[in-house]
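S.K.: Structure below; questions to follow.
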Amino acid sequence: MASSFGPVAIKPPELGDLTSKGEDPAGCVLAVSLGVMAGGVAGIVAADNQKAPTRRSRAFVGLTVGALMATLVTTSCAKRCPRLALCSLTLGGALGLYGASTLGLPARRKRPPEKEKEKDGANGEDASATAGTPSPSSSR
C-alpha cells in the first residue's frame, strides 16, 4: 500500500511476518515482546498525560491503551497468528495497568489561606449585617 504524491511514492515501514506464519518460535517471542513493550510504554505515557488524574482513571487508560497498542504492534509483526495477538493483548494491558498504577498522583496545589470576613466599624460588626439594624453588642 504505497501512497503517491506526484513523482514521490511513500511506502509505510513494515516489519513483515517475523513468525513465518507461526512456525518460528524465536519470531513469535520477538513479535509478542515488541508488542508488549510498546503497549506498556504507551499505556504509561497516556496515563501520565492526563489533565485531572485519579488512580482509577490512570489504571483504566493504562490498561486500554497498553492492550490496544500491544495488539496493533504484534499483529503487524505476526501475520495470520491470532493466538499471539491475544497473548499480546493480555500482557500489554497488564503491563500498561501496572505501569499506570505505579505513577503517583500529582502534588496538590496549596490553597491560599482564607481571609477573615471584612469587619465594619470599631466594634466588630459584620459588613453583611443589614443597614439600620442594631447588633446585639451595640444596644447599650
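Every chain in the C-alpha cells has a letter given in the order shown (A, B, ...), and although residue numbers restart at 1 in each chain, ligands are simply numbered from 1 in the order shown.
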Within 8 Å of Val65 (chain A), counting only C-alpha atoms, which residues show up once you throw out same-chain ones fewer than 4 positions away? Write them as a ChimeraX atom specification, please.
M.R.: /A:39,42-43,46,61,69,93,96
